[in-house]
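Asks: I have a structure here, written as structure tokens, and I will follow up with some questions on it.
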Amino acid sequence: MAYEHKNILDTDQFSKEDLDFLVERTREMERLVEQNKAFGILEGKLLASLFFEASTRTRLSFEAAMERLGGRVISTVGFQFSSISKGETLYDTMKMVEAYADIAVIRHPVEGSSRIAAGAVKIPVINAGDGAGQHPTQALLDLYTIISEKGKLDGLTLAFIGDLKYGRTIHSLINLLRHYKVHLYLISPPELSLPESYKKGLDGFPITFEESDDIKKVWECDIAYVTRIQEERFPDHREYERLKESFKLNKELILASKKETTVLHPLPRVNELSTDVDDLPNAAYFRQAKYGVVSRMTLLCLSLGVRF
């Protein structure tokens, strides 16, 4: 098939055929990594890593991906260390970056900023998270994680737990999962329920869902995807304080499940996922981070038009 996505800005851009292709190519990348054959694929290429919002996993994952492919990285971390702090526009920043690098990955607190960045330059731009909007590469690695852990997607039941209102990882992954025959339990306080726009976006797709505030629905699920309540997204801090400990998963709860429930979390966690879950074989969130590197290695190559 023809894969034509130079920029990766949101999950709406991917068809089911695109996702099947990406899963297949990521499996191939994982094989190349295991055989020590991936290094050098992007030799001579330069990645601009532009993180204007706090990040550990995503930034290091992209930079590790580029380095493992034999490319190099230039980076800026935080507004205070960039010329944006002096009043430079994102447009001007991107035009400058275009002169330096072959591809850019950007995280920014303002929703829609990655699209502005991509519109300013001819080099590929990858959205690494824009405000409460989308985080497409996290969704793609999550999709690959689920398939790797469970061997399939069709027929699975998944629970999304926590902040479904502001959680961009949830927003992005749901847009991908709608292409599959899966059932979702959306578990959250009513105040943090999935926005209507995302629910309406599921119309006409094979996915089904139901909303609940009962954490025990996890017992019926193949996958439990846990998210933290995101303090930084709340316009009213008092609302965050009221909701921050709404749901907690621990070892006892997971072991009581009727199924072998695999636990995922995009991380970082605060207190919504107990550390006593870590030693369970179905705790997959650290493997999830590992899958993220090979997934982003694949995306960097495809965005640059380099086949492997």
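Residues are referred to by chain and number: the chain letter is A, B, ... according to the order shown in the structure tokens, the number counts from 1 in that chain, and ligands are numbered separately from 1 in the order shown.
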I want to know what sits within 12 Å of Gly204 in chain A, based on only C-alpha atoms, with residues of the same chain fewer than 6 positions away left out; could you give that as a list in words?

Replies: Arg178, His179, Tyr180 and Lys181 of chain A

Asks: Applying 6 Å and only C-alpha atoms, which residues near range 291-300 of chain A remain after dropping the ones on its own chain fewer than 5 positions away? List them as a PDB file with N, CA and C atoms, in the first residue's frame.

Replies:
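Result saved to selection.pdb:
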```
ATOM      1  N   THR A  26       6.374  -1.783  12.219  1.00  0.00           N
ATOM      2  CA  THR A  26       6.946  -1.726  13.561  1.00  0.00           C
ATOM      3  C   THR A  26       7.439  -3.095  13.997  1.00  0.00           C
ATOM      4  N   GLU A  30      11.209  -3.845  15.091  1.00  0.00           N
ATOM      5  CA  GLU A  30      11.548  -4.564  16.319  1.00  0.00           C
ATOM      6  C   GLU A  30      12.497  -5.728  16.011  1.00  0.00           C
ATOM      7  N   SER A  61      12.270   9.119  24.489  1.00  0.00           N
ATOM      8  CA  SER A  61      11.929   8.055  23.548  1.00  0.00           C
ATOM      9  C   SER A  61      12.252   8.459  22.113  1.00  0.00           C
ATOM     10  N   ALA A  65      15.193   6.928  19.907  1.00  0.00           N
ATOM     11  CA  ALA A  65      14.840   6.345  18.606  1.00  0.00           C
ATOM     12  C   ALA A  65      15.762   6.856  17.512  1.00  0.00           C
ATOM     13  N   LEU A 141       1.849   3.865  19.621  1.00  0.00           N
ATOM     14  CA  LEU A 141       2.623   2.900  20.408  1.00  0.00           C
ATOM     15  C   LEU A 141       1.705   2.118  21.339  1.00  0.00           C
TER      16      LEU A 141
END
```

Asks: I want to know what sits within 7 Å of Ser257 in chain A, based on only C-alpha atoms, with residues of the same chain fewer than 2 positions away left out; could you give that as a VMD selection string?

Replies: chain A and resid 218 to 220 253 to 255 259 to 261

Asks: Which residue out of A:Leu46, A:Ala132, A:Arg72, A:Ser113 has the minimum interatomic distance to Val97 in chain A when only C-alpha atoms are used?

Replies: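 The shortest atom-to-atom distance to Val97 in chain A comes from A:Leu46.
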
Asks: So which residues touch range 102-112 of chain A within 9 Å, counting only C-alpha atoms, skipping near sequence neighbours fewer than 6 positions away, as a ChimeraX atom specification?

Replies: /A:9,45-55,59,62,94,123-134,300,303-304

Asks: Write out the residues from the selection above, keeping N, CA and C atoms, as a PDB file, in the first residue's frame.

Replies:
```pdb
ATOM      1  N   LEU A   9       0.238  14.585  12.860  1.00  0.00           N
ATOM      2  CA  LEU A   9      -0.337  15.681  13.637  1.00  0.00           C
ATOM      3  C   LEU A   9      -1.503  15.250  14.509  1.00  0.00           C
ATOM      4  N   LYS A  45      21.000  12.062   9.185  1.00  0.00           N
ATOM      5  CA  LYS A  45      19.772  12.826   9.414  1.00  0.00           C
ATOM      6  C   LYS A  45      19.805  13.476  10.795  1.00  0.00           C
ATOM      7  N   LEU A  46      19.152  14.628  10.893  1.00  0.00           N
ATOM      8  CA  LEU A  46      19.155  15.405  12.143  1.00  0.00           C
ATOM      9  C   LEU A  46      17.729  15.680  12.593  1.00  0.00           C
ATOM     10  N   LEU A  47      17.426  15.327  13.838  1.00  0.00           N
ATOM     11  CA  LEU A  47      16.113  15.560  14.449  1.00  0.00           C
ATOM     12  C   LEU A  47      16.168  16.778  15.352  1.00  0.00           C
ATOM     13  N   ALA A  48      15.235  17.704  15.187  1.00  0.00           N
ATOM     14  CA  ALA A  48      15.052  18.809  16.124  1.00  0.00           C
ATOM     15  C   ALA A  48      13.996  18.404  17.137  1.00  0.00           C
ATOM     16  N   SER A  49      14.393  18.303  18.397  1.00  0.00           N
ATOM     17  CA  SER A  49      13.517  17.879  19.485  1.00  0.00           C
ATOM     18  C   SER A  49      13.082  19.132  20.249  1.00  0.00           C
ATOM     19  N   LEU A  50      11.834  19.564  20.022  1.00  0.00           N
ATOM     20  CA  LEU A  50      11.343  20.844  20.533  1.00  0.00           C
ATOM     21  C   LEU A  50      10.272  20.595  21.585  1.00  0.00           C
ATOM     22  N   PHE A  51      10.656  20.642  22.847  1.00  0.00           N
ATOM     23  CA  PHE A  51       9.721  20.338  23.925  1.00  0.00           C
ATOM     24  C   PHE A  51       9.509  21.582  24.780  1.00  0.00           C
ATOM     25  N   PHE A  52       8.393  22.258  24.512  1.00  0.00           N
ATOM     26  CA  PHE A  52       8.044  23.484  25.225  1.00  0.00           C
ATOM     27  C   PHE A  52       7.125  23.200  26.411  1.00  0.00           C
ATOM     28  N   GLU A  53       6.921  21.925  26.698  1.00  0.00           N
ATOM     29  CA  GLU A  53       6.132  21.485  27.852  1.00  0.00           C
ATOM     30  C   GLU A  53       6.863  20.300  28.467  1.00  0.00           C
ATOM     31  N   ALA A  54       6.715  20.137  29.768  1.00  0.00           N
ATOM     32  CA  ALA A  54       7.452  19.087  30.484  1.00  0.00           C
ATOM     33  C   ALA A  54       7.208  17.710  29.884  1.00  0.00           C
ATOM     34  N   SER A  55       8.282  16.951  29.751  1.00  0.00           N
ATOM     35  CA  SER A  55       8.198  15.588  29.236  1.00  0.00           C
ATOM     36  C   SER A  55       9.461  14.839  29.636  1.00  0.00           C
ATOM     37  N   ARG A  59      10.091  12.678  25.161  1.00  0.00           N
ATOM     38  CA  ARG A  59      11.304  13.322  24.647  1.00  0.00           C
ATOM     39  C   ARG A  59      12.450  12.318  24.555  1.00  0.00           C
ATOM     40  N   PHE A  62      11.862   9.675  21.727  1.00  0.00           N
ATOM     41  CA  PHE A  62      12.169  10.152  20.378  1.00  0.00           C
ATOM     42  C   PHE A  62      13.678  10.292  20.175  1.00  0.00           C
ATOM     43  N   MET A  94      10.026  27.823  13.962  1.00  0.00           N
ATOM     44  CA  MET A  94      10.017  26.683  13.057  1.00  0.00           C
ATOM     45  C   MET A  94      10.795  26.976  11.777  1.00  0.00           C
ATOM     46  N   ILE A 123       9.900  20.610   6.140  1.00  0.00           N
ATOM     47  CA  ILE A 123      10.387  19.371   6.746  1.00  0.00           C
ATOM     48  C   ILE A 123       9.244  18.677   7.489  1.00  0.00           C
ATOM     49  N   PRO A 124       9.308  17.354   7.706  1.00  0.00           N
ATOM     50  CA  PRO A 124       8.260  16.658   8.458  1.00  0.00           C
ATOM     51  C   PRO A 124       8.179  17.157   9.901  1.00  0.00           C
ATOM     52  N   VAL A 125       6.953  17.237  10.413  1.00  0.00           N
ATOM     53  CA  VAL A 125       6.707  17.636  11.802  1.00  0.00           C
ATOM     54  C   VAL A 125       5.866  16.556  12.475  1.00  0.00           C
ATOM     55  N   ILE A 126       6.283  16.151  13.656  1.00  0.00           N
ATOM     56  CA  ILE A 126       5.557  15.149  14.431  1.00  0.00           C
ATOM     57  C   ILE A 126       5.051  15.786  15.716  1.00  0.00           C
ATOM     58  N   ASN A 127       3.764  15.651  15.966  1.00  0.00           N
ATOM     59  CA  ASN A 127       3.130  16.175  17.170  1.00  0.00           C
ATOM     60  C   ASN A 127       3.411  15.240  18.343  1.00  0.00           C
ATOM     61  N   ALA A 128       4.122  15.732  19.345  1.00  0.00           N
ATOM     62  CA  ALA A 128       4.423  14.947  20.553  1.00  0.00           C
ATOM     63  C   ALA A 128       3.534  15.355  21.715  1.00  0.00           C
ATOM     64  N   GLY A 129       2.384  15.950  21.393  1.00  0.00           N
ATOM     65  CA  GLY A 129       1.426  16.377  22.418  1.00  0.00           C
ATOM     66  C   GLY A 129       1.189  17.863  22.362  1.00  0.00           C
ATOM     67  N   ASP A 130      -0.068  18.264  22.124  1.00  0.00           N
ATOM     68  CA  ASP A 130      -0.386  19.695  22.127  1.00  0.00           C
ATOM     69  C   ASP A 130      -1.561  19.961  23.064  1.00  0.00           C
ATOM     70  N   GLY A 131      -1.220  20.436  24.252  1.00  0.00           N
ATOM     71  CA  GLY A 131      -2.233  20.758  25.250  1.00  0.00           C
ATOM     72  C   GLY A 131      -3.101  19.557  25.573  1.00  0.00           C
ATOM     73  N   ALA A 132      -4.411  19.802  25.679  1.00  0.00           N
ATOM     74  CA  ALA A 132      -5.359  18.715  25.936  1.00  0.00           C
ATOM     75  C   ALA A 132      -5.868  18.123  24.634  1.00  0.00           C
ATOM     76  N   GLY A 133      -5.189  18.429  23.527  1.00  0.00           N
ATOM     77  CA  GLY A 133      -5.623  17.970  22.212  1.00  0.00           C
ATOM     78  C   GLY A 133      -5.268  16.527  21.959  1.00  0.00           C
ATOM     79  N   GLN A 134      -4.205  16.285  21.183  1.00  0.00           N
ATOM     80  CA  GLN A 134      -3.870  14.924  20.804  1.00  0.00           C
ATOM     81  C   GLN A 134      -2.401  14.602  21.051  1.00  0.00           C
ATOM     82  N   LEU A 300       9.771   7.800  12.502  1.00  0.00           N
ATOM     83  CA  LEU A 300      10.814   8.697  12.009  1.00  0.00           C
ATOM     84  C   LEU A 300      11.250   8.293  10.600  1.00  0.00           C
ATOM     85  N   SER A 303       8.301   9.033   8.072  1.00  0.00           N
ATOM     86  CA  SER A 303       8.108  10.468   7.836  1.00  0.00           C
ATOM     87  C   SER A 303       9.212  11.046   6.962  1.00  0.00           C
ATOM     88  N   LEU A 304      10.401  10.504   7.077  1.00  0.00           N
ATOM     89  CA  LEU A 304      11.526  10.959   6.262  1.00  0.00           C
ATOM     90  C   LEU A 304      11.585  10.255   4.899  1.00  0.00           C
TER      91      LEU A 304
END
```

Asks: When DSSP works through the backbone of this structure, what residues of range 8-192 of chain A end up as strand (DSSP E), shown as an MDAnalysis selection string?

Replies: chainID A and resid 46:51 72:77 103:108 125:130 157:161 183:187
